[in-house]
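One file, final-v6.cif, is given below (mmCIF, N, CA and C atoms).
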data_run
loop_
_atom_site.label_atom_id
_atom_site.label_comp_id
_atom_site.auth_asym_id
_atom_site.auth_seq_id
_atom_site.Cartn_x
_atom_site.Cartn_y
_atom_site.Cartn_z
N MET A 8 -21.93 7.92 5.16
CA MET A 8 -20.66 8.56 4.88
C MET A 8 -19.53 7.56 5.14
N VAL A 9 -18.58 7.56 4.25
CA VAL A 9 -17.41 6.69 4.37
C VAL A 9 -16.22 7.57 4.71
N GLU A 10 -15.39 7.10 5.62
CA GLU A 10 -14.15 7.80 5.91
C GLU A 10 -12.99 6.92 5.45
N ILE A 11 -12.13 7.51 4.65
CA ILE A 11 -10.93 6.85 4.16
C ILE A 11 -9.74 7.49 4.85
N THR A 12 -8.97 6.68 5.55
CA THR A 12 -7.77 7.16 6.21
C THR A 12 -6.55 6.65 5.45
N LEU A 13 -5.74 7.57 5.00
CA LEU A 13 -4.50 7.24 4.31
C LEU A 13 -3.35 7.55 5.27
N THR A 14 -2.66 6.52 5.72
CA THR A 14 -1.56 6.69 6.67
C THR A 14 -0.25 6.70 5.88
N SER A 15 0.44 7.82 5.94
CA SER A 15 1.67 7.99 5.17
C SER A 15 2.80 7.20 5.82
N ILE A 16 3.43 6.33 5.01
CA ILE A 16 4.56 5.57 5.53
C ILE A 16 5.88 5.99 4.90
N HIS A 17 5.80 6.68 3.75
CA HIS A 17 7.02 7.22 3.15
C HIS A 17 6.67 8.30 2.14
N LEU A 18 7.38 9.41 2.22
CA LEU A 18 7.23 10.50 1.26
C LEU A 18 8.47 10.53 0.39
N GLY A 19 8.30 10.14 -0.88
CA GLY A 19 9.39 10.17 -1.84
C GLY A 19 9.31 11.41 -2.69
N SER A 20 10.27 11.61 -3.56
CA SER A 20 10.27 12.79 -4.41
C SER A 20 9.19 12.73 -5.49
N ALA A 21 8.76 11.53 -5.88
CA ALA A 21 7.75 11.39 -6.93
C ALA A 21 6.40 10.90 -6.41
N ARG A 22 6.40 10.12 -5.36
CA ARG A 22 5.18 9.51 -4.82
C ARG A 22 5.21 9.47 -3.31
N ARG A 23 4.03 9.54 -2.73
CA ARG A 23 3.84 9.29 -1.30
C ARG A 23 3.25 7.89 -1.19
N VAL A 24 3.82 7.05 -0.35
CA VAL A 24 3.28 5.71 -0.13
C VAL A 24 2.47 5.76 1.17
N VAL A 25 1.22 5.32 1.06
CA VAL A 25 0.30 5.34 2.19
C VAL A 25 -0.34 3.97 2.34
N THR A 26 -0.87 3.72 3.53
CA THR A 26 -1.69 2.52 3.72
C THR A 26 -3.15 2.97 3.71
N LEU A 27 -4.03 2.06 3.35
CA LEU A 27 -5.44 2.36 3.16
C LEU A 27 -6.26 1.89 4.35
N GLY A 28 -6.90 2.82 5.01
CA GLY A 28 -7.81 2.50 6.09
C GLY A 28 -9.25 2.69 5.64
N LEU A 29 -10.03 1.62 5.70
CA LEU A 29 -11.46 1.63 5.36
C LEU A 29 -12.23 0.94 6.47
N ASP A 30 -13.37 1.49 6.83
CA ASP A 30 -14.23 0.87 7.84
C ASP A 30 -13.48 0.58 9.14
N GLY A 31 -12.55 1.48 9.50
CA GLY A 31 -11.83 1.33 10.75
C GLY A 31 -10.71 0.29 10.73
N ARG A 32 -10.43 -0.32 9.58
CA ARG A 32 -9.36 -1.31 9.46
C ARG A 32 -8.34 -0.83 8.44
N ASP A 33 -7.09 -1.06 8.74
CA ASP A 33 -5.99 -0.74 7.83
C ASP A 33 -5.09 -1.97 7.77
N LEU A 34 -5.41 -2.87 6.86
CA LEU A 34 -4.72 -4.15 6.78
C LEU A 34 -3.23 -4.02 6.47
N ALA A 35 -2.88 -3.08 5.61
CA ALA A 35 -1.46 -2.91 5.26
C ALA A 35 -0.67 -2.39 6.46
N TYR A 36 -1.23 -1.42 7.18
CA TYR A 36 -0.53 -0.88 8.35
C TYR A 36 -0.41 -1.96 9.43
N GLU A 37 -1.46 -2.75 9.62
CA GLU A 37 -1.42 -3.84 10.59
C GLU A 37 -0.34 -4.85 10.20
N PHE A 38 -0.26 -5.18 8.91
CA PHE A 38 0.75 -6.12 8.42
C PHE A 38 2.16 -5.59 8.70
N LEU A 39 2.40 -4.31 8.37
CA LEU A 39 3.73 -3.73 8.57
C LEU A 39 4.09 -3.65 10.05
N THR A 40 3.13 -3.31 10.90
CA THR A 40 3.37 -3.22 12.34
C THR A 40 3.74 -4.59 12.91
N THR A 41 3.00 -5.61 12.53
CA THR A 41 3.29 -6.97 12.98
C THR A 41 4.64 -7.44 12.46
N LEU A 42 4.91 -7.11 11.19
CA LEU A 42 6.17 -7.52 10.57
C LEU A 42 7.37 -6.86 11.27
N ARG A 43 7.23 -5.60 11.66
CA ARG A 43 8.33 -4.91 12.35
C ARG A 43 8.70 -5.62 13.65
N LYS A 44 7.69 -6.22 14.30
CA LYS A 44 7.94 -6.91 15.57
C LYS A 44 8.45 -8.33 15.35
N SER A 45 7.88 -9.04 14.38
CA SER A 45 8.22 -10.45 14.19
C SER A 45 9.41 -10.68 13.26
N ASN A 46 9.65 -9.74 12.34
CA ASN A 46 10.72 -9.92 11.37
C ASN A 46 11.30 -8.54 11.03
N PRO A 47 12.03 -7.92 11.95
CA PRO A 47 12.54 -6.57 11.72
C PRO A 47 13.39 -6.44 10.45
N ARG A 48 14.20 -7.44 10.17
CA ARG A 48 15.04 -7.40 8.97
C ARG A 48 14.18 -7.42 7.70
N GLY A 49 13.16 -8.26 7.68
CA GLY A 49 12.25 -8.32 6.54
C GLY A 49 11.49 -7.02 6.37
N ALA A 50 11.03 -6.45 7.48
CA ALA A 50 10.32 -5.17 7.43
C ALA A 50 11.22 -4.08 6.88
N GLU A 51 12.45 -4.03 7.34
CA GLU A 51 13.39 -3.01 6.88
C GLU A 51 13.67 -3.15 5.38
N SER A 52 13.80 -4.38 4.92
CA SER A 52 14.03 -4.62 3.50
C SER A 52 12.83 -4.18 2.67
N LEU A 53 11.64 -4.46 3.16
CA LEU A 53 10.42 -4.03 2.45
C LEU A 53 10.32 -2.50 2.42
N ILE A 54 10.64 -1.84 3.53
CA ILE A 54 10.61 -0.37 3.60
C ILE A 54 11.63 0.22 2.63
N THR A 55 12.81 -0.39 2.52
CA THR A 55 13.82 0.08 1.57
C THR A 55 13.28 0.02 0.15
N ARG A 56 12.55 -1.02 -0.18
CA ARG A 56 11.96 -1.14 -1.51
C ARG A 56 10.87 -0.10 -1.73
N ILE A 57 10.10 0.17 -0.70
CA ILE A 57 9.08 1.22 -0.78
C ILE A 57 9.75 2.56 -1.05
N GLN A 58 10.83 2.85 -0.36
CA GLN A 58 11.55 4.10 -0.55
C GLN A 58 12.08 4.23 -1.97
N THR A 59 12.59 3.15 -2.53
CA THR A 59 13.11 3.16 -3.89
C THR A 59 12.01 3.47 -4.89
N VAL A 60 10.89 2.79 -4.77
CA VAL A 60 9.78 2.96 -5.71
C VAL A 60 9.20 4.38 -5.63
N ALA A 61 9.15 4.95 -4.43
CA ALA A 61 8.56 6.28 -4.24
C ALA A 61 9.37 7.40 -4.89
N GLU A 62 10.57 7.10 -5.32
CA GLU A 62 11.40 8.11 -5.98
C GLU A 62 11.11 8.22 -7.48
N HIS A 63 10.20 7.39 -7.97
CA HIS A 63 9.89 7.36 -9.40
C HIS A 63 8.40 7.56 -9.62
N ASP A 64 8.05 8.28 -10.70
CA ASP A 64 6.64 8.47 -11.02
C ASP A 64 5.99 7.12 -11.33
N ARG A 65 6.64 6.34 -12.16
CA ARG A 65 6.20 4.96 -12.46
C ARG A 65 7.42 4.07 -12.36
N PHE A 66 7.28 2.97 -11.65
CA PHE A 66 8.42 2.09 -11.41
C PHE A 66 7.92 0.66 -11.53
N GLU A 67 8.67 -0.15 -12.22
CA GLU A 67 8.35 -1.57 -12.25
C GLU A 67 9.65 -2.34 -12.44
N ASN A 68 9.83 -3.33 -11.59
CA ASN A 68 11.02 -4.14 -11.61
C ASN A 68 10.62 -5.52 -11.11
N GLU A 69 10.99 -6.54 -11.80
CA GLU A 69 10.59 -7.90 -11.48
C GLU A 69 10.92 -8.30 -10.04
N PHE A 70 11.98 -7.72 -9.47
CA PHE A 70 12.43 -8.13 -8.14
C PHE A 70 12.02 -7.18 -7.02
N THR A 71 11.50 -6.01 -7.35
CA THR A 71 11.19 -5.02 -6.32
C THR A 71 9.71 -4.66 -6.27
N PHE A 72 9.15 -4.33 -7.42
CA PHE A 72 7.78 -3.82 -7.49
C PHE A 72 7.24 -4.17 -8.87
N ARG A 73 6.23 -5.03 -8.92
CA ARG A 73 5.73 -5.45 -10.22
C ARG A 73 4.22 -5.58 -10.21
N SER A 74 3.64 -5.48 -11.40
CA SER A 74 2.20 -5.66 -11.59
C SER A 74 1.86 -7.13 -11.44
N VAL A 75 0.81 -7.40 -10.67
CA VAL A 75 0.38 -8.80 -10.51
C VAL A 75 -0.98 -9.06 -11.12
N ARG A 76 -1.85 -8.03 -11.19
CA ARG A 76 -3.16 -8.22 -11.80
C ARG A 76 -3.96 -6.93 -11.79
N ASP A 77 -4.48 -6.52 -12.94
CA ASP A 77 -5.47 -5.46 -13.07
C ASP A 77 -5.23 -4.24 -12.16
N GLY A 78 -4.08 -3.63 -12.29
CA GLY A 78 -3.79 -2.42 -11.52
C GLY A 78 -3.24 -2.66 -10.12
N ILE A 79 -3.10 -3.91 -9.74
CA ILE A 79 -2.54 -4.24 -8.43
C ILE A 79 -1.05 -4.56 -8.62
N PHE A 80 -0.23 -3.97 -7.77
CA PHE A 80 1.21 -4.19 -7.79
C PHE A 80 1.63 -4.81 -6.48
N GLU A 81 2.81 -5.41 -6.46
CA GLU A 81 3.33 -5.95 -5.21
C GLU A 81 4.75 -5.45 -4.97
N PHE A 82 4.97 -4.96 -3.75
CA PHE A 82 6.33 -4.72 -3.28
C PHE A 82 6.82 -6.10 -2.88
N LYS A 83 7.99 -6.49 -3.37
CA LYS A 83 8.48 -7.85 -3.16
C LYS A 83 9.73 -7.86 -2.30
N ARG A 84 9.77 -8.84 -1.47
CA ARG A 84 10.95 -9.22 -0.72
C ARG A 84 10.83 -10.72 -0.58
N PRO A 85 11.92 -11.47 -0.60
CA PRO A 85 11.77 -12.92 -0.51
C PRO A 85 10.86 -13.33 0.64
N GLY A 86 9.78 -14.02 0.29
CA GLY A 86 8.82 -14.52 1.28
C GLY A 86 7.79 -13.52 1.73
N LEU A 87 7.89 -12.24 1.34
CA LEU A 87 6.96 -11.20 1.78
C LEU A 87 6.41 -10.43 0.59
N ARG A 88 5.16 -10.01 0.72
CA ARG A 88 4.54 -9.18 -0.31
C ARG A 88 3.69 -8.10 0.36
N LEU A 89 3.72 -6.90 -0.21
CA LEU A 89 2.83 -5.82 0.20
C LEU A 89 2.15 -5.35 -1.08
N TYR A 90 0.83 -5.43 -1.12
CA TYR A 90 0.07 -5.13 -2.33
C TYR A 90 -0.38 -3.67 -2.32
N ALA A 91 -0.41 -3.09 -3.53
CA ALA A 91 -0.69 -1.65 -3.62
C ALA A 91 -1.22 -1.31 -5.01
N PHE A 92 -1.68 -0.05 -5.16
CA PHE A 92 -2.09 0.47 -6.45
C PHE A 92 -1.78 1.96 -6.51
N TYR A 93 -1.70 2.48 -7.71
CA TYR A 93 -1.47 3.91 -7.91
C TYR A 93 -2.79 4.65 -7.87
N ASP A 94 -2.76 5.89 -7.36
CA ASP A 94 -3.93 6.76 -7.44
C ASP A 94 -3.48 8.21 -7.34
N GLU A 95 -4.36 9.08 -7.77
CA GLU A 95 -4.13 10.51 -7.66
C GLU A 95 -5.33 11.11 -6.93
N VAL A 96 -5.04 11.95 -5.96
CA VAL A 96 -6.08 12.62 -5.20
C VAL A 96 -5.89 14.12 -5.41
N GLU A 97 -6.94 14.76 -5.86
CA GLU A 97 -6.86 16.20 -6.12
C GLU A 97 -6.44 16.95 -4.86
N GLY A 98 -5.46 17.84 -5.03
CA GLY A 98 -4.99 18.65 -3.92
C GLY A 98 -3.92 17.99 -3.07
N LEU A 99 -3.59 16.76 -3.38
CA LEU A 99 -2.57 16.06 -2.61
C LEU A 99 -1.38 15.79 -3.51
N ASP A 100 -0.25 16.31 -3.12
CA ASP A 100 0.95 16.16 -3.93
C ASP A 100 2.11 15.77 -3.02
N PRO A 101 3.00 14.88 -3.37
CA PRO A 101 2.98 14.11 -4.61
C PRO A 101 1.87 13.08 -4.59
N GLN A 102 1.62 12.49 -5.75
CA GLN A 102 0.55 11.51 -5.88
C GLN A 102 0.90 10.22 -5.14
N LEU A 103 -0.02 9.28 -5.16
CA LEU A 103 0.03 8.18 -4.19
C LEU A 103 0.31 6.80 -4.77
N ILE A 104 0.91 6.00 -3.93
CA ILE A 104 0.89 4.55 -4.06
C ILE A 104 0.17 4.11 -2.78
N ILE A 105 -0.96 3.44 -2.94
CA ILE A 105 -1.79 3.07 -1.80
C ILE A 105 -1.63 1.58 -1.52
N ALA A 106 -1.06 1.26 -0.36
CA ALA A 106 -0.87 -0.13 0.06
C ALA A 106 -2.16 -0.62 0.70
N THR A 107 -2.61 -1.80 0.28
CA THR A 107 -3.89 -2.32 0.75
C THR A 107 -3.75 -3.41 1.81
N ASN A 108 -2.81 -4.32 1.60
CA ASN A 108 -2.65 -5.46 2.50
C ASN A 108 -1.33 -6.13 2.19
N GLY A 109 -0.94 -7.03 3.05
CA GLY A 109 0.31 -7.74 2.85
C GLY A 109 0.16 -9.20 3.21
N GLY A 110 1.21 -9.94 2.93
CA GLY A 110 1.17 -11.34 3.27
C GLY A 110 2.51 -12.01 3.00
N THR A 111 2.58 -13.24 3.44
CA THR A 111 3.76 -14.03 3.15
C THR A 111 3.50 -14.81 1.87
N LYS A 112 4.54 -15.21 1.24
CA LYS A 112 4.38 -15.99 0.01
C LYS A 112 4.59 -17.44 0.35
N ASN A 113 3.67 -17.98 1.15
CA ASN A 113 3.77 -19.38 1.55
C ASN A 113 3.41 -20.33 0.42
N ASN A 114 2.31 -20.04 -0.25
CA ASN A 114 1.90 -20.88 -1.38
C ASN A 114 1.05 -20.05 -2.33
N LYS A 115 0.84 -20.57 -3.50
CA LYS A 115 0.13 -19.86 -4.58
C LYS A 115 -1.31 -19.54 -4.18
N LYS A 116 -1.97 -20.44 -3.47
CA LYS A 116 -3.37 -20.23 -3.08
C LYS A 116 -3.48 -19.02 -2.13
N GLU A 117 -2.61 -18.95 -1.13
CA GLU A 117 -2.62 -17.81 -0.20
C GLU A 117 -2.29 -16.52 -0.93
N GLN A 118 -1.32 -16.57 -1.83
CA GLN A 118 -0.93 -15.37 -2.58
C GLN A 118 -2.09 -14.88 -3.45
N GLN A 119 -2.80 -15.80 -4.10
CA GLN A 119 -3.94 -15.41 -4.93
C GLN A 119 -5.05 -14.80 -4.07
N ALA A 120 -5.26 -15.33 -2.87
CA ALA A 120 -6.26 -14.76 -1.96
C ALA A 120 -5.85 -13.35 -1.53
N ASP A 121 -4.57 -13.13 -1.28
CA ASP A 121 -4.08 -11.78 -0.92
C ASP A 121 -4.27 -10.80 -2.07
N ILE A 122 -4.02 -11.25 -3.30
CA ILE A 122 -4.21 -10.38 -4.47
C ILE A 122 -5.70 -10.06 -4.65
N ALA A 123 -6.56 -11.06 -4.48
CA ALA A 123 -8.00 -10.82 -4.57
C ALA A 123 -8.47 -9.83 -3.50
N ARG A 124 -7.91 -9.93 -2.29
CA ARG A 124 -8.25 -8.99 -1.22
C ARG A 124 -7.81 -7.58 -1.61
N ALA A 125 -6.63 -7.45 -2.20
CA ALA A 125 -6.14 -6.14 -2.65
C ALA A 125 -7.07 -5.57 -3.71
N GLN A 126 -7.52 -6.39 -4.64
CA GLN A 126 -8.44 -5.92 -5.68
C GLN A 126 -9.76 -5.46 -5.06
N SER A 127 -10.26 -6.22 -4.11
CA SER A 127 -11.51 -5.86 -3.45
C SER A 127 -11.38 -4.52 -2.71
N LEU A 128 -10.28 -4.35 -1.98
CA LEU A 128 -10.05 -3.08 -1.27
C LEU A 128 -9.91 -1.91 -2.24
N ARG A 129 -9.21 -2.13 -3.34
CA ARG A 129 -9.07 -1.09 -4.36
C ARG A 129 -10.44 -0.71 -4.92
N ASN A 130 -11.26 -1.70 -5.25
CA ASN A 130 -12.59 -1.43 -5.79
C ASN A 130 -13.47 -0.68 -4.80
N ARG A 131 -13.41 -1.06 -3.53
CA ARG A 131 -14.19 -0.36 -2.50
C ARG A 131 -13.71 1.08 -2.35
N TYR A 132 -12.40 1.29 -2.38
CA TYR A 132 -11.82 2.63 -2.30
C TYR A 132 -12.28 3.48 -3.48
N LEU A 133 -12.17 2.94 -4.69
CA LEU A 133 -12.54 3.71 -5.88
C LEU A 133 -14.03 4.04 -5.89
N ALA A 134 -14.87 3.11 -5.43
CA ALA A 134 -16.31 3.38 -5.35
C ALA A 134 -16.59 4.48 -4.31
N ALA A 135 -15.94 4.40 -3.16
CA ALA A 135 -16.14 5.40 -2.11
C ALA A 135 -15.64 6.77 -2.55
N LYS A 136 -14.57 6.78 -3.32
CA LYS A 136 -13.99 8.04 -3.79
C LYS A 136 -14.97 8.82 -4.66
N LYS A 137 -15.86 8.12 -5.35
CA LYS A 137 -16.84 8.75 -6.24
C LYS A 137 -18.01 9.38 -5.48
N VAL A 138 -18.20 9.00 -4.23
CA VAL A 138 -19.31 9.49 -3.43
C VAL A 138 -18.93 10.82 -2.80
N SER A 139 -19.79 11.83 -2.98
CA SER A 139 -19.46 13.19 -2.52
C SER A 139 -19.34 13.31 -1.01
N THR A 140 -19.95 12.41 -0.25
CA THR A 140 -19.88 12.52 1.21
C THR A 140 -18.68 11.80 1.82
N THR A 141 -17.89 11.14 1.00
CA THR A 141 -16.71 10.45 1.51
C THR A 141 -15.70 11.46 2.02
N ARG A 142 -15.18 11.19 3.20
CA ARG A 142 -14.15 12.06 3.79
C ARG A 142 -12.80 11.37 3.71
N PHE A 143 -11.81 12.14 3.29
CA PHE A 143 -10.43 11.67 3.25
C PHE A 143 -9.66 12.27 4.42
N ARG A 144 -8.83 11.46 5.03
CA ARG A 144 -7.96 11.96 6.09
C ARG A 144 -6.56 11.41 5.83
N LEU A 145 -5.59 12.31 5.75
CA LEU A 145 -4.19 11.91 5.60
C LEU A 145 -3.56 11.96 6.98
N LYS A 146 -3.06 10.81 7.41
CA LYS A 146 -2.44 10.69 8.73
C LYS A 146 -0.94 10.61 8.54
N LEU A 147 -0.21 11.55 9.10
CA LEU A 147 1.24 11.56 9.04
C LEU A 147 1.79 10.94 10.29
N LEU A 148 2.76 10.07 10.16
CA LEU A 148 3.38 9.43 11.31
C LEU A 148 4.65 10.16 11.68
N ASP A 149 4.96 10.18 12.97
CA ASP A 149 6.18 10.87 13.43
C ASP A 149 7.44 10.29 12.79
N HIS A 150 7.42 8.99 12.52
CA HIS A 150 8.61 8.34 11.97
C HIS A 150 8.56 8.23 10.45
N GLU A 151 7.67 9.01 9.80
CA GLU A 151 7.59 8.94 8.34
C GLU A 151 8.97 9.19 7.75
N ASN A 152 9.39 8.27 6.90
CA ASN A 152 10.73 8.36 6.29
C ASN A 152 10.74 9.35 5.17
#
Represent the structure contained in this file as structure tokens.
Amino acid sequence: MVEITLTSIHLGSARRVVTLGLDGRDLAYEFLTTLRKSNPRGAESLITRIQTVAEHDRFENEFTFRSVRDGIFEFKRPGLRLYAFYDEVEGLDPQLIIATNGGTKNNKKEQQADIARAQSLRNRYLAAKKVSTTRFRLKLLDHEN
């Protein structure tokens, strides 16, 4: 049995943005938590972009949120990226933007590795979602915006 934990970081009028926890790890939540401590201004800017995107059913903007490869999108802030994908879960409304992992945009090689990691996490999530014994848990945070 696989347990998928979706930690809600923002509830918008069109989408809920969550981080993806698989196998006891939630790379996106860990990234955001570390970023809040090491770069509060950068974290706040990224959260503002998340809030903007969550107000739209589909949103794409070269400077805020754009497709990078095969269903993977990136929330952008200068020097920072948070990777995500769209999904719909029956019985959960509004539908989701699922953040998988984040990183700095130090160089193209690191960025490509982060995108590949996001694709891998998305594929693992989608495979687990098809299995009838997979359990979903939505975790709401006290400070959910």
Q | Chain and number of each residue from the PyMOL selection byres ((chain A and resi 124-134) around 7), as a VMD selection string | A | chain A and resid 79 90 to 91 107 to 108 119 to 123 135 to 138
Output file for the residues above (N, CA and C atoms, as a compact mmCIF listing (two decimals), in the coordinates of the input):
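See result19.txt below for the written result:
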# COMPACT_ATOMS: atom_id res chain seq x y z
N ILE A 79 -3.10 -3.91 -9.74
CA ILE A 79 -2.54 -4.24 -8.43
C ILE A 79 -1.05 -4.56 -8.62
N TYR A 90 0.83 -5.43 -1.12
CA TYR A 90 0.07 -5.13 -2.33
C TYR A 90 -0.38 -3.67 -2.32
N ALA A 91 -0.41 -3.09 -3.53
CA ALA A 91 -0.69 -1.65 -3.62
C ALA A 91 -1.22 -1.31 -5.01
N THR A 107 -2.61 -1.80 0.28
CA THR A 107 -3.89 -2.32 0.75
C THR A 107 -3.75 -3.41 1.81
N ASN A 108 -2.81 -4.32 1.60
CA ASN A 108 -2.65 -5.46 2.50
C ASN A 108 -1.33 -6.13 2.19
N GLN A 119 -2.80 -15.80 -4.10
CA GLN A 119 -3.94 -15.41 -4.93
C GLN A 119 -5.05 -14.80 -4.07
N ALA A 120 -5.26 -15.33 -2.87
CA ALA A 120 -6.26 -14.76 -1.96
C ALA A 120 -5.85 -13.35 -1.53
N ASP A 121 -4.57 -13.13 -1.28
CA ASP A 121 -4.08 -11.78 -0.92
C ASP A 121 -4.27 -10.80 -2.07
N ILE A 122 -4.02 -11.25 -3.30
CA ILE A 122 -4.21 -10.38 -4.47
C ILE A 122 -5.70 -10.06 -4.65
N ALA A 123 -6.56 -11.06 -4.48
CA ALA A 123 -8.00 -10.82 -4.57
C ALA A 123 -8.47 -9.83 -3.50
N ALA A 135 -15.94 4.40 -3.16
CA ALA A 135 -16.14 5.40 -2.11
C ALA A 135 -15.64 6.77 -2.55
N LYS A 136 -14.57 6.78 -3.32
CA LYS A 136 -13.99 8.04 -3.79
C LYS A 136 -14.97 8.82 -4.66
N LYS A 137 -15.86 8.12 -5.35
CA LYS A 137 -16.84 8.75 -6.24
C LYS A 137 -18.01 9.38 -5.48
N VAL A 138 -18.20 9.00 -4.23
CA VAL A 138 -19.31 9.49 -3.43
C VAL A 138 -18.93 10.82 -2.80
Q) What's the 5 Å shell around A:Lys112, counting all atoms listed in the file, without same-chain residues fewer than 2 positions away, as a ChimeraX atom specification? A) /A:86-87,110,114
Q) Out of stretch 28-92 of chain A, which residues get strand (DSSP E) from DSSP, as a list of chain:residue names? A) A:Gly28, A:Leu29, A:Phe72, A:Arg73, A:Ser74, A:Val75, A:Arg76, A:Ile79, A:Phe80, A:Glu81, A:Phe82, A:Lys83, A:Arg84, A:Leu87, A:Arg88, A:Leu89, A:Tyr90, A:Ala91, A:Phe92
Q.
Give me, as a PyMOL selection string, the residues of chain A that a backbone DSSP run labels alpha helix (DSSP H).
A. chain A and resi 34-45+47-60+115-136
Which residues would end up in the selection if the PyMOL selection byres (((chain A and resi 85 and name CA) around 12) and name CA) were applied here, given that I need the answer as a short mmCIF file (atom, residue, chain, number, x, y, z; two decimals) with N, CA and C atoms, in the frame of the given file?
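Contents of the output file selection-v9.cif:
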data_model
loop_
_atom_site.label_atom_id
_atom_site.label_comp_id
_atom_site.auth_asym_id
_atom_site.auth_seq_id
_atom_site.Cartn_x
_atom_site.Cartn_y
_atom_site.Cartn_z
N ARG A 48 14.20 -7.44 10.17
CA ARG A 48 15.04 -7.40 8.97
C ARG A 48 14.18 -7.42 7.70
N GLY A 49 13.16 -8.26 7.68
CA GLY A 49 12.25 -8.32 6.54
C GLY A 49 11.49 -7.02 6.37
N ALA A 50 11.03 -6.45 7.48
CA ALA A 50 10.32 -5.17 7.43
C ALA A 50 11.22 -4.08 6.88
N SER A 52 13.80 -4.38 4.92
CA SER A 52 14.03 -4.62 3.50
C SER A 52 12.83 -4.18 2.67
N LEU A 53 11.64 -4.46 3.16
CA LEU A 53 10.42 -4.03 2.45
C LEU A 53 10.32 -2.50 2.42
N ARG A 56 12.55 -1.02 -0.18
CA ARG A 56 11.96 -1.14 -1.51
C ARG A 56 10.87 -0.10 -1.73
N PHE A 70 11.98 -7.72 -9.47
CA PHE A 70 12.43 -8.13 -8.14
C PHE A 70 12.02 -7.18 -7.02
N THR A 71 11.50 -6.01 -7.35
CA THR A 71 11.19 -5.02 -6.32
C THR A 71 9.71 -4.66 -6.27
N GLU A 81 2.81 -5.41 -6.46
CA GLU A 81 3.33 -5.95 -5.21
C GLU A 81 4.75 -5.45 -4.97
N PHE A 82 4.97 -4.96 -3.75
CA PHE A 82 6.33 -4.72 -3.28
C PHE A 82 6.82 -6.10 -2.88
N LYS A 83 7.99 -6.49 -3.37
CA LYS A 83 8.48 -7.85 -3.16
C LYS A 83 9.73 -7.86 -2.30
N ARG A 84 9.77 -8.84 -1.47
CA ARG A 84 10.95 -9.22 -0.72
C ARG A 84 10.83 -10.72 -0.58
N GLY A 86 9.78 -14.02 0.29
CA GLY A 86 8.82 -14.52 1.28
C GLY A 86 7.79 -13.52 1.73
N LEU A 87 7.89 -12.24 1.34
CA LEU A 87 6.96 -11.20 1.78
C LEU A 87 6.41 -10.43 0.59
N ARG A 88 5.16 -10.01 0.72
CA ARG A 88 4.54 -9.18 -0.31
C ARG A 88 3.69 -8.10 0.36
N LEU A 89 3.72 -6.90 -0.21
CA LEU A 89 2.83 -5.82 0.20
C LEU A 89 2.15 -5.35 -1.08
N GLY A 110 1.21 -9.94 2.93
CA GLY A 110 1.17 -11.34 3.27
C GLY A 110 2.51 -12.01 3.00
N THR A 111 2.58 -13.24 3.44
CA THR A 111 3.76 -14.03 3.15
C THR A 111 3.50 -14.81 1.87
N LYS A 112 4.54 -15.21 1.24
CA LYS A 112 4.38 -15.99 0.01
C LYS A 112 4.59 -17.44 0.35
N ASN A 113 3.67 -17.98 1.15
CA ASN A 113 3.77 -19.38 1.55
C ASN A 113 3.41 -20.33 0.42
#
**Q.** Atom-to-atom span, atom C of A:Thr140 and atom CA of A:Glu10, Å
**A.** 7.3 Å
Q | Distance query stretch 11-22 of chain A at most 7 Å, all atoms listed in the file, self and fewer than 2 positions along chain excluded, as a PyMOL selection string | A | chain A and resi 9+24-30+57-58+60-64+101-104+141-148+150-152
Put the listed atoms of stretch 52-55 of chain A in a box along x, y and z with 6 Å added on every side and give me the centre and edge lengths in Å to one decimal, as lines of an AutoDock Vina configuration file.
center_x = 12.2
center_y = -2.2
center_z = 2.5
size_x = 15.7
size_y = 16.8
size_z = 16.8
Q) Just how far from atom C of A:Arg23 is atom C of A:Asp100, in Å to one decimal? A) 8.2 Å
Q. In Å, with one decimal, what is the gap from atom CA of A:Ile54 to atom CA of A:Tyr93?
A.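 If I compute the distance from atom CA of A:Ile54 to atom CA of A:Tyr93, I get 17.2 Å.
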